[in-house]
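**Student:** Dropping in entry-v5.txt, with compact mmCIF, C-alpha atoms.
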# COMPACT_ATOMS: atom_id res chain seq x y z
CA MET A 1 -44.99 174.23 -127.34
CA ASN A 2 -45.09 172.06 -130.44
CA ARG A 3 -41.64 173.30 -131.37
CA PHE A 4 -40.17 171.61 -128.34
CA LEU A 5 -42.49 168.65 -128.15
CA TRP A 6 -41.39 166.98 -131.37
CA PRO A 7 -37.64 167.11 -130.81
CA LEU A 8 -38.23 165.90 -127.25
CA LEU A 9 -40.31 163.02 -128.54
CA GLY A 10 -37.59 162.15 -131.07
CA PHE A 11 -35.01 162.30 -128.33
CA LEU A 12 -37.02 159.95 -126.12
CA VAL A 13 -37.39 157.46 -128.97
CA LEU A 14 -33.62 157.62 -129.50
CA VAL A 15 -33.02 157.08 -125.79
CA GLY A 16 -35.35 154.08 -125.94
CA PHE A 17 -33.37 152.55 -128.78
CA LEU A 18 -30.04 153.20 -127.08
CA ALA A 19 -31.27 151.79 -123.76
CA PHE A 20 -32.39 148.65 -125.56
CA GLY A 21 -29.01 148.49 -127.28
CA LEU A 22 -27.30 148.45 -123.89
CA THR A 23 -29.09 145.26 -122.95
CA LEU A 24 -27.81 143.41 -126.02
CA LYS A 25 -24.57 141.49 -125.98
CA PRO A 26 -22.88 141.98 -129.33
CA SER A 27 -20.14 139.51 -128.40
CA GLU A 28 -22.70 136.71 -128.31
CA VAL A 29 -23.31 135.89 -131.91
CA PRO A 30 -26.29 133.62 -132.57
CA SER A 31 -25.01 130.21 -133.58
CA PRO A 32 -26.16 128.72 -136.87
CA PHE A 33 -25.74 125.29 -135.29
CA ILE A 34 -28.80 125.34 -133.05
CA ASP A 35 -31.01 122.34 -133.88
CA LYS A 36 -28.44 121.05 -136.38
CA PRO A 37 -26.45 117.83 -136.00
CA ALA A 38 -23.20 118.28 -134.10
CA PRO A 39 -20.31 118.11 -136.61
CA GLY A 40 -18.55 114.78 -136.46
CA PHE A 41 -14.86 114.34 -135.69
CA THR A 42 -12.35 111.84 -134.44
CA LEU A 43 -9.64 113.22 -132.20
CA PRO A 44 -7.02 111.73 -129.90
CA GLN A 45 -7.97 111.71 -126.24
CA LEU A 46 -6.02 114.11 -124.07
CA ALA A 47 -5.26 111.64 -121.30
CA ALA A 48 -4.49 108.74 -123.66
CA PRO A 49 -3.50 110.00 -127.13
CA GLU A 50 -3.41 106.49 -128.56
CA LYS A 51 -7.18 106.32 -128.04
CA THR A 52 -9.64 108.49 -129.93
CA PHE A 53 -12.94 110.15 -129.16
CA SER A 54 -15.81 110.77 -131.53
CA PRO A 55 -19.21 112.37 -130.77
CA GLU A 56 -20.83 109.26 -132.25
CA GLU A 57 -19.99 107.48 -129.02
CA MET A 58 -22.34 109.75 -127.09
CA LYS A 59 -25.45 108.91 -129.15
CA GLY A 60 -28.39 108.05 -126.95
CA GLN A 61 -27.55 110.41 -124.11
CA VAL A 62 -27.73 114.11 -123.46
CA TRP A 63 -24.26 115.55 -123.04
CA LEU A 64 -22.29 118.77 -122.98
CA LEU A 65 -19.33 119.66 -125.14
CA ASN A 66 -17.20 122.19 -123.33
CA ILE A 67 -14.44 123.93 -125.27
CA TRP A 68 -11.58 124.77 -122.94
CA ALA A 69 -7.86 125.50 -122.85
CA SER A 70 -5.26 125.82 -120.13
CA TRP A 71 -4.27 129.27 -121.45
CA CYS A 72 -7.81 130.55 -121.11
CA TYR A 73 -8.50 132.50 -117.95
CA ALA A 74 -12.29 132.43 -118.31
CA CYS A 75 -12.11 128.61 -118.46
CA LEU A 76 -10.56 128.58 -115.04
CA GLN A 77 -13.31 130.90 -113.87
CA GLU A 78 -16.07 128.55 -115.03
CA HIS A 79 -14.23 125.38 -114.09
CA PRO A 80 -15.86 124.83 -110.66
CA VAL A 81 -19.31 125.26 -112.22
CA ILE A 82 -18.45 122.80 -115.01
CA THR A 83 -17.10 120.30 -112.51
CA ASP A 84 -20.28 120.68 -110.50
CA LEU A 85 -22.45 120.23 -113.59
CA ALA A 86 -20.51 117.08 -114.42
CA ARG A 87 -22.32 115.38 -111.55
CA SER A 88 -25.64 115.74 -113.39
CA VAL A 89 -24.62 115.33 -117.02
CA PRO A 90 -21.69 113.80 -118.92
CA ILE A 91 -19.36 116.55 -120.10
CA VAL A 92 -16.81 116.07 -122.84
CA GLY A 93 -13.97 118.56 -123.02
CA LEU A 94 -12.59 119.82 -126.30
CA ASN A 95 -9.10 120.97 -125.46
CA TYR A 96 -8.73 123.82 -127.94
CA LYS A 97 -5.34 124.87 -129.35
CA ASP A 98 -3.47 123.76 -126.28
CA LYS A 99 -0.20 122.05 -125.46
CA ARG A 100 -0.81 118.53 -124.20
CA ASP A 101 1.42 118.62 -121.13
CA GLU A 102 0.05 122.00 -120.04
CA ALA A 103 -3.54 120.80 -120.48
CA VAL A 104 -2.88 117.63 -118.49
CA ALA A 105 -1.20 119.62 -115.71
CA TRP A 106 -4.11 122.08 -115.65
CA LEU A 107 -6.64 119.28 -115.14
CA GLU A 108 -4.46 117.73 -112.44
CA ARG A 109 -4.23 121.00 -110.61
CA PHE A 110 -7.82 122.24 -110.90
CA GLY A 111 -9.75 118.97 -111.06
CA ASN A 112 -11.14 116.98 -113.92
CA GLY A 113 -14.90 116.49 -114.20
CA TYR A 114 -14.82 115.60 -117.89
CA ILE A 115 -15.63 112.04 -118.84
CA VAL A 116 -13.04 112.56 -121.56
CA SER A 117 -11.20 115.43 -123.22
CA ALA A 118 -10.28 115.42 -126.90
CA SER A 119 -7.24 117.29 -128.18
CA ASP A 120 -8.02 119.79 -130.91
CA THR A 121 -4.41 120.93 -131.14
CA ASP A 122 -4.67 122.97 -134.33
CA GLY A 123 -8.18 124.26 -133.65
CA ARG A 124 -9.72 122.78 -136.79
CA ILE A 125 -12.61 121.07 -135.02
CA GLY A 126 -13.17 124.30 -133.15
CA ILE A 127 -13.68 126.06 -136.49
CA ASN A 128 -16.14 123.34 -137.54
CA TYR A 129 -18.12 124.12 -134.41
CA GLY A 130 -17.96 127.86 -135.10
CA VAL A 131 -15.91 128.48 -131.97
CA TYR A 132 -14.53 131.99 -131.79
CA GLY A 133 -13.64 132.32 -128.16
CA VAL A 134 -13.09 129.85 -125.39
CA PRO A 135 -14.87 128.78 -123.28
CA GLU A 136 -17.97 127.73 -125.18
CA THR A 137 -20.45 125.06 -124.14
CA PHE A 138 -22.78 123.09 -126.39
CA VAL A 139 -25.78 121.10 -125.18
CA ILE A 140 -26.22 118.06 -127.44
CA ASP A 141 -29.30 115.86 -127.32
CA LYS A 142 -29.73 112.09 -127.56
CA ALA A 143 -29.91 112.17 -131.36
CA GLY A 144 -26.68 114.16 -131.61
CA PHE A 145 -28.30 117.51 -132.37
CA ILE A 146 -26.96 120.73 -130.87
CA ARG A 147 -29.76 122.27 -128.84
CA TYR A 148 -28.06 125.17 -127.10
CA LYS A 149 -24.79 127.03 -127.14
CA HIS A 150 -23.41 129.10 -124.33
CA ILE A 151 -20.64 131.56 -125.19
CA GLY A 152 -18.23 132.59 -122.48
CA PRO A 153 -17.85 131.21 -118.97
CA VAL A 154 -20.84 129.34 -117.55
CA ASP A 155 -21.80 130.86 -114.22
CA GLU A 156 -23.92 129.26 -111.53
CA LYS A 157 -26.99 131.17 -112.61
CA THR A 158 -26.73 129.98 -116.22
CA ALA A 159 -26.12 126.42 -115.07
CA ARG A 160 -29.09 126.45 -112.71
CA ASP A 161 -31.62 128.46 -114.74
CA THR A 162 -30.75 127.52 -118.31
CA LEU A 163 -28.56 124.46 -118.73
CA LEU A 164 -29.96 122.13 -116.08
CA PRO A 165 -33.66 122.65 -116.96
CA LEU A 166 -32.82 122.14 -120.64
CA ILE A 167 -30.85 118.98 -119.89
CA ARG A 168 -33.70 117.68 -117.76
CA GLU A 169 -36.18 118.36 -120.54
CA LEU A 170 -34.01 116.73 -123.20
CA SER A 171 -33.35 113.67 -121.04
CA ARG A 172 -37.03 112.87 -120.77
CA MET B 173 28.79 144.91 -146.45
CA LYS B 174 26.16 146.40 -144.19
CA ARG B 175 23.85 146.94 -147.13
CA TRP B 176 24.12 143.29 -148.17
CA TRP B 177 22.88 142.23 -144.79
CA LEU B 178 19.94 144.54 -145.18
CA ILE B 179 19.06 143.15 -148.62
CA LEU B 180 19.38 139.60 -147.33
CA LEU B 181 17.14 140.42 -144.37
CA CYS B 182 14.51 141.94 -146.66
CA ALA B 183 14.64 138.86 -148.88
CA VAL B 184 14.13 136.59 -145.89
CA ILE B 185 11.17 138.65 -144.71
CA ALA B 186 9.61 138.79 -148.18
CA ALA B 187 10.27 135.15 -149.03
CA PRO B 188 6.93 133.74 -147.85
CA VAL B 189 5.09 136.23 -150.05
CA TRP B 190 7.18 135.39 -153.12
CA ALA B 191 6.88 131.73 -152.49
CA ALA B 192 3.12 131.78 -152.17
CA ASP B 193 0.94 132.13 -155.18
CA ARG B 194 0.37 135.86 -155.52
CA ALA B 195 -3.01 135.55 -157.19
CA ALA B 196 -4.29 133.09 -154.60
CA GLU B 197 -3.09 135.35 -151.79
CA GLU B 198 -4.89 138.30 -153.33
CA ARG B 199 -8.04 136.24 -153.70
CA MET B 200 -7.77 135.17 -150.07
CA LEU B 201 -7.41 138.77 -148.89
CA ASN B 202 -10.30 139.77 -151.07
CA ILE B 203 -12.59 137.22 -149.43
CA ALA B 204 -11.21 137.83 -145.95
CA SER B 205 -11.72 141.58 -146.17
CA GLU B 206 -15.48 141.05 -146.40
CA LEU B 207 -15.63 138.71 -143.43
CA ARG B 208 -16.01 139.97 -139.89
CA CYS B 209 -13.52 138.80 -137.30
CA LEU B 210 -15.74 137.51 -134.50
CA VAL B 211 -13.15 138.12 -131.82
CA CYS B 212 -12.70 141.80 -132.58
CA GLN B 213 -15.88 142.58 -134.38
CA ASN B 214 -14.91 145.84 -136.01
CA GLU B 215 -12.01 144.28 -137.85
CA SER B 216 -12.12 142.15 -140.94
CA ILE B 217 -10.53 138.73 -141.01
CA ALA B 218 -8.03 140.15 -143.49
CA ALA B 219 -6.94 142.90 -141.10
CA SER B 220 -7.19 141.21 -137.71
CA ARG B 221 -4.24 139.75 -135.89
CA ALA B 222 -6.42 137.62 -133.61
CA ASP B 223 -5.54 133.93 -133.55
CA LEU B 224 -8.89 132.97 -134.97
CA ALA B 225 -8.44 135.34 -137.93
CA VAL B 226 -5.01 133.83 -138.65
CA ASP B 227 -6.55 130.34 -138.59
CA LEU B 228 -9.43 131.37 -140.81
CA ARG B 229 -7.10 133.00 -143.33
CA GLN B 230 -5.20 129.73 -143.46
CA GLN B 231 -8.48 127.90 -143.88
CA ILE B 232 -9.38 130.14 -146.85
CA ARG B 233 -5.92 129.60 -148.39
CA GLU B 234 -6.36 125.84 -148.19
CA GLN B 235 -9.80 126.02 -149.71
CA ILE B 236 -8.53 128.14 -152.59
CA ARG B 237 -5.81 125.57 -153.15
CA GLY B 238 -8.50 122.90 -153.05
CA GLY B 239 -10.24 124.61 -155.95
CA GLN B 240 -13.25 126.04 -154.08
CA THR B 241 -15.04 129.06 -155.52
CA ASP B 242 -15.35 132.30 -153.56
CA GLN B 243 -19.03 131.56 -153.15
CA GLU B 244 -18.32 128.15 -151.62
CA ILE B 245 -15.77 129.59 -149.22
CA ARG B 246 -18.20 132.25 -148.05
CA ALA B 247 -20.89 129.58 -147.61
CA TYR B 248 -18.44 127.53 -145.53
CA MET B 249 -17.92 130.48 -143.19
CA VAL B 250 -21.64 131.28 -142.95
CA ASP B 251 -22.39 127.62 -142.13
CA ARG B 252 -20.10 127.88 -139.13
CA TYR B 253 -20.39 131.44 -137.93
CA GLY B 254 -23.75 132.56 -139.31
CA ASP B 255 -24.66 135.56 -141.45
CA PHE B 256 -23.07 137.75 -138.81
CA ILE B 257 -19.65 136.99 -140.31
CA LEU B 258 -20.60 138.74 -143.55
CA TYR B 259 -20.01 142.47 -143.66
CA ARG B 260 -22.46 142.51 -146.58
CA PRO B 261 -25.51 140.80 -145.06
CA PRO B 262 -27.92 138.95 -147.36
CA LEU B 263 -31.27 140.56 -148.13
CA GLN B 264 -33.88 138.71 -146.09
CA ALA B 265 -36.85 139.43 -143.84
CA THR B 266 -34.67 140.26 -140.82
CA THR B 267 -32.36 142.59 -142.72
CA ILE B 268 -34.90 144.59 -144.70
CA LEU B 269 -34.74 147.46 -142.22
CA LEU B 270 -30.95 147.37 -142.37
CA TRP B 271 -30.91 147.58 -146.15
CA PHE B 272 -33.73 150.05 -146.66
CA GLY B 273 -33.66 151.94 -143.35
CA PRO B 274 -31.41 154.71 -144.72
CA LEU B 275 -33.70 155.18 -147.72
CA LEU B 276 -36.67 155.30 -145.37
CA LEU B 277 -34.95 157.97 -143.27
CA LEU B 278 -34.16 159.97 -146.41
CA VAL B 279 -37.80 159.87 -147.54
CA PHE B 280 -38.91 160.85 -144.05
CA GLY B 281 -36.43 163.73 -144.03
CA LEU B 282 -37.60 165.00 -147.41
CA LEU B 283 -41.20 164.78 -146.25
CA VAL B 284 -40.47 166.84 -143.15
CA LEU B 285 -38.51 169.32 -145.24
CA THR B 286 -41.33 169.77 -147.75
CA LEU B 287 -43.93 170.18 -145.04
CA THR B 288 -41.81 172.71 -143.17
CA LEU B 289 -41.06 174.72 -146.30
CA ARG B 290 -44.67 174.77 -147.34
CA HIS B 291 -45.75 175.85 -143.89
CA ARG B 292 -43.21 178.65 -143.96
CA MET B 293 -44.27 179.80 -147.43
CA ARG B 294 -47.84 180.05 -146.31
CA SER B 295 -47.05 182.08 -143.23
CA MET B 296 -44.97 184.55 -145.24
CA THR B 297 -47.14 187.41 -146.60
CA ASP B 298 -46.09 190.71 -148.04
CA ARG B 299 -46.46 193.42 -145.46
CA LEU B 300 -46.46 197.09 -146.38
CA LEU B 301 -44.49 199.62 -144.42
CA SER B 302 -46.44 201.93 -142.22
CA ASP B 303 -46.12 205.68 -142.80
CA GLU B 304 -43.81 206.11 -139.87
CA GLU B 305 -41.54 203.30 -141.07
CA ARG B 306 -41.41 204.76 -144.56
CA LYS B 307 -40.31 208.15 -143.17
CA ARG B 308 -37.56 206.52 -141.15
CA ALA B 309 -36.40 204.57 -144.15
CA GLU B 310 -36.31 207.68 -146.33
CA ALA B 311 -34.36 209.55 -143.68
CA LEU B 312 -31.83 206.77 -143.48
CA LEU B 313 -31.49 206.49 -147.26
CA LYS B 314 -31.00 210.21 -147.91
CA PRO B 315 -27.68 210.74 -149.69
CA ASN B 316 -26.59 213.56 -147.38
CA ASN B 317 -27.07 211.23 -144.48
CA ILE B 318 -24.01 209.22 -145.52
CA PRO B 319 -20.91 210.55 -143.82
CA ASP B 320 -17.80 210.84 -146.01
Please rewrite the model in this file as structure tokens.

**Tutor:**
Amino acid sequence: MNRFLWPLLGFLVLVGFLAFGLTLKPSEVPSPFIDKPAPGFTLPQLAAPEKTFSPEEMKGQVWLLNIWASWCYACLQEHPVITDLARSVPIVGLNYKDKRDEAVAWLERFGNGYIVSASDTDGRIGINYGVYGVPETFVIDKAGFIRYKHIGPVDEKTARDTLLPLIRELSR
Amino acid sequence: MKRWWLILLCAVIAAPVWAADRAAEERMLNIASELRCLVCQNESIAASRADLAVDLRQQIREQIRGGQTDQEIRAYMVDRYGDFILYRPPLQATTILLWFGPLLLLVFGLLVLTLTLRHRMRSMTDRLLSDEERKRAEALLKPNNIPD
């Protein structure tokens, strides 16, 4: 009896570990930026390249920084949710490694909820924000600190259960 | 004639490598080979062809040119992408099991082995043959029993 009990027990422990492993998402790497100040930058605006945007301008309000690109399929997937969110919170777009005319056309075609989009043509600002896949969404508080990072497309559930409550709390 | 074209083509392909500083390039690859590409996590930044890896290699090149030490470049990457980017994670409270887990398993294995062997030794006692068994053995061992 004992001969079979121990291997069986070991097997069950292994199954437990593996089952737990299945619930993890290895593609979502914890960001070292949480609760750190959002890196500063000054980039030309997508719609009006002669003007610039800098995160400094958003001080005093809770806002989202959404990294997007016209070549990114998942961005299109989350776009309606982002546009919907834009009614409750100001969202700044960081147009990541994109061609200007294609990005402008994309916004014209699918709608533009961003208060402004900044052009990160060579992806350098993206690197400063530790971006490794678009889309990514940062929640930034009134003091300019990053409070949350969502990797991958934002779905309705994430927007409703995670982002909006957090934004509400931070806005208080 | 044909061969000249081939040599010229090779030269064109190799030109960027010759032009770049060989030592700096080697240093870059050395650093990049110990950094995880976050897009395709089982590849190093040195080996990956993902866009992000290309950008990060360029970033390392520029930092080498700017006179940064290897340590500073690694710190730059960790600041942005976290410890996860390091294939050789630092020793800290959360990674103790990762670093010493294998040793722990080895000790556990040796313990089980010793216990099992000792248990087996104890259960093994010399047993004498019974009379009947001895007769059978003698019959089997008799030289004329072996066929030629």

**Student:** Counting only C-alpha atoms, a student should be able to say which residues of chain B come within 7 Å of chain A; what is the right answer, written as a ChimeraX atom specification?

**Tutor:** /B:210-211,224,251-254

**Student:** Report as number ranges by chain all protein, DNA and RNA residues lying within 9 Å of Ala47 in chain A, evaluated on only C-alpha atoms, omitting residues in the same chain fewer than 5 positions from it.

**Tutor:** A: 100, 104, 116-118

**Student:** Extract, using only C-alpha atoms, all DNA, RNA and protein residues at most 12 Å from Ile140 in chain A, discarding same-chain residues fewer than 5 positions from it, and format them as a PyMOL selection string.

**Tutor:** chain A and resi 33-39+55-56+58-66+89-92+145-150+163+166-167+170-171

**Student:** Could you work out an axis-aligned bounding box for all listed atoms of range 160-170 of chain A, with 5 Å added on each of the six sides, and give its centre and edge lengths in Å to one decimal, as JSON?

**Tutor:**
{"center_x": -32.4, "center_y": 122.6, "center_z": -118.0, "size_x": 17.6, "size_y": 21.7, "size_z": 20.5}

**Student:** Please measure the separation of CA of Pro80 in chain A and CA of Val154 in chain A, giving the value in Å to one decimal.

**Tutor:** 9.6 Å

**Student:** Considering all atoms listed in the file, state which residue in the set B:Leu313, B:Ile217, B:Leu201, B:Leu207 is at the smallest distance from Arg260 in chain B.

**Tutor:**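 Smallest distance to Arg260 in chain B is found for B:Leu207.
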
**Student:** Restricting the calculation to only C-alpha atoms, which member of A:Val15, A:Leu164, A:Leu5, A:Ile125 is positioned closest to Gln231 in chain B?

**Tutor:**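 Counting only C-alpha atoms, the residue closest to Gln231 in chain B is A:Ile125.
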
**Student:** Quick one: pull the distance between CA of Leu46 in chain A and CA of Asp101 in chain A, Å, one decimal.

**Tutor:** 9.2 Å

**Student:** What does the structure give for the distance between CA of Thr158 in chain A and CA of Gly21 in chain A, in Å to one decimal?

**Tutor:**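 Between CA of Thr158 in chain A and CA of Gly21 in chain A the gap is 21.7 Å.
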
**Student:** Rebuild range 209-241 of chain B so that it carries N, CA and C atoms, then output the result as an mmCIF file, in the coordinates of the input.

**Tutor:**
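Result went into out-v4.cif, see below:
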data_model
loop_
_atom_site.group_PDB
_atom_site.id
_atom_site.type_symbol
_atom_site.label_atom_id
_atom_site.label_comp_id
_atom_site.auth_asym_id
_atom_site.auth_seq_id
_atom_site.Cartn_x
_atom_site.Cartn_y
_atom_site.Cartn_z
ATOM 1 N N CYS B 209 -14.225 139.590 -138.306
ATOM 2 C CA CYS B 209 -13.520 138.800 -137.300
ATOM 3 C C CYS B 209 -14.416 138.766 -136.068
ATOM 4 N N LEU B 210 -14.772 137.580 -135.595
ATOM 5 C CA LEU B 210 -15.740 137.510 -134.500
ATOM 6 C C LEU B 210 -15.131 137.823 -133.148
ATOM 7 N N VAL B 211 -13.806 137.818 -133.095
ATOM 8 C CA VAL B 211 -13.150 138.120 -131.820
ATOM 9 C C VAL B 211 -13.117 139.630 -131.614
ATOM 10 N N CYS B 212 -12.693 140.344 -132.675
ATOM 11 C CA CYS B 212 -12.700 141.800 -132.580
ATOM 12 C C CYS B 212 -13.584 142.279 -133.706
ATOM 13 N N GLN B 213 -14.841 142.531 -133.368
ATOM 14 C CA GLN B 213 -15.880 142.580 -134.380
ATOM 15 C C GLN B 213 -15.809 143.740 -135.347
ATOM 16 N N ASN B 214 -14.988 144.739 -135.056
ATOM 17 C CA ASN B 214 -14.910 145.840 -136.010
ATOM 18 C C ASN B 214 -13.744 145.698 -136.957
ATOM 19 N N GLU B 215 -13.106 144.535 -136.932
ATOM 20 C CA GLU B 215 -12.010 144.280 -137.850
ATOM 21 C C GLU B 215 -12.408 143.174 -138.803
ATOM 22 N N SER B 216 -11.852 143.237 -140.006
ATOM 23 C CA SER B 216 -12.120 142.150 -140.940
ATOM 24 C C SER B 216 -11.127 141.019 -140.659
ATOM 25 N N ILE B 217 -11.437 139.858 -141.188
ATOM 26 C CA ILE B 217 -10.530 138.730 -141.010
ATOM 27 C C ILE B 217 -9.207 138.994 -141.722
ATOM 28 N N ALA B 218 -9.259 139.810 -142.781
ATOM 29 C CA ALA B 218 -8.030 140.150 -143.490
ATOM 30 C C ALA B 218 -7.130 141.040 -142.632
ATOM 31 N N ALA B 219 -7.726 141.908 -141.822
ATOM 32 C CA ALA B 219 -6.940 142.900 -141.100
ATOM 33 C C ALA B 219 -6.579 142.455 -139.687
ATOM 34 N N SER B 220 -7.352 141.526 -139.125
ATOM 35 C CA SER B 220 -7.190 141.210 -137.710
ATOM 36 C C SER B 220 -5.962 140.354 -137.444
ATOM 37 N N ARG B 221 -5.375 140.574 -136.290
ATOM 38 C CA ARG B 221 -4.240 139.750 -135.890
ATOM 39 C C ARG B 221 -4.637 138.723 -134.833
ATOM 40 N N ALA B 222 -5.944 138.611 -134.573
ATOM 41 C CA ALA B 222 -6.420 137.620 -133.610
ATOM 42 C C ALA B 222 -6.111 136.215 -134.121
ATOM 43 N N ASP B 223 -5.867 135.318 -133.187
ATOM 44 C CA ASP B 223 -5.540 133.930 -133.550
ATOM 45 C C ASP B 223 -6.562 133.317 -134.490
ATOM 46 N N LEU B 224 -7.827 133.566 -134.168
ATOM 47 C CA LEU B 224 -8.890 132.970 -134.970
ATOM 48 C C LEU B 224 -8.826 133.466 -136.417
ATOM 49 N N ALA B 225 -8.526 134.768 -136.578
ATOM 50 C CA ALA B 225 -8.440 135.340 -137.930
ATOM 51 C C ALA B 225 -7.279 134.706 -138.693
ATOM 52 N N VAL B 226 -6.167 134.488 -138.003
ATOM 53 C CA VAL B 226 -5.010 133.830 -138.650
ATOM 54 C C VAL B 226 -5.417 132.437 -139.112
ATOM 55 N N ASP B 227 -6.103 131.696 -138.232
ATOM 56 C CA ASP B 227 -6.550 130.340 -138.590
ATOM 57 C C ASP B 227 -7.507 130.357 -139.769
ATOM 58 N N LEU B 228 -8.421 131.327 -139.737
ATOM 59 C CA LEU B 228 -9.430 131.370 -140.810
ATOM 60 C C LEU B 228 -8.810 131.777 -142.139
ATOM 61 N N ARG B 229 -7.798 132.665 -142.080
ATOM 62 C CA ARG B 229 -7.100 133.000 -143.330
ATOM 63 C C ARG B 229 -6.433 131.757 -143.903
ATOM 64 N N GLN B 230 -5.843 130.972 -143.018
ATOM 65 C CA GLN B 230 -5.200 129.730 -143.460
ATOM 66 C C GLN B 230 -6.226 128.779 -144.071
ATOM 67 N N GLN B 231 -7.383 128.738 -143.405
ATOM 68 C CA GLN B 231 -8.480 127.900 -143.880
ATOM 69 C C GLN B 231 -8.899 128.314 -145.303
ATOM 70 N N ILE B 232 -8.992 129.632 -145.524
ATOM 71 C CA ILE B 232 -9.380 130.140 -146.850
ATOM 72 C C ILE B 232 -8.300 129.771 -147.876
ATOM 73 N N ARG B 233 -7.032 129.960 -147.486
ATOM 74 C CA ARG B 233 -5.920 129.600 -148.390
ATOM 75 C C ARG B 233 -6.036 128.145 -148.833
ATOM 76 N N GLU B 234 -6.287 127.270 -147.854
ATOM 77 C CA GLU B 234 -6.360 125.840 -148.190
ATOM 78 C C GLU B 234 -7.532 125.557 -149.109
ATOM 79 N N GLN B 235 -8.636 126.259 -148.866
ATOM 80 C CA GLN B 235 -9.800 126.020 -149.710
ATOM 81 C C GLN B 235 -9.580 126.526 -151.118
ATOM 82 N N ILE B 236 -8.852 127.634 -151.251
ATOM 83 C CA ILE B 236 -8.530 128.140 -152.590
ATOM 84 C C ILE B 236 -7.659 127.106 -153.305
ATOM 85 N N ARG B 237 -6.676 126.587 -152.568
ATOM 86 C CA ARG B 237 -5.810 125.570 -153.150
ATOM 87 C C ARG B 237 -6.620 124.333 -153.551
ATOM 88 N N GLY B 238 -7.658 124.056 -152.761
ATOM 89 C CA GLY B 238 -8.500 122.900 -153.050
ATOM 90 C C GLY B 238 -9.497 123.152 -154.192
ATOM 91 N N GLY B 239 -9.427 124.334 -154.769
ATOM 92 C CA GLY B 239 -10.240 124.610 -155.950
ATOM 93 C C GLY B 239 -11.662 125.072 -155.642
ATOM 94 N N GLN B 240 -11.912 125.560 -154.412
ATOM 95 C CA GLN B 240 -13.250 126.040 -154.080
ATOM 96 C C GLN B 240 -13.484 127.430 -154.683
ATOM 97 N N THR B 241 -14.718 127.720 -155.019
ATOM 98 C CA THR B 241 -15.040 129.060 -155.520
ATOM 99 C C THR B 241 -15.216 130.008 -154.328
#
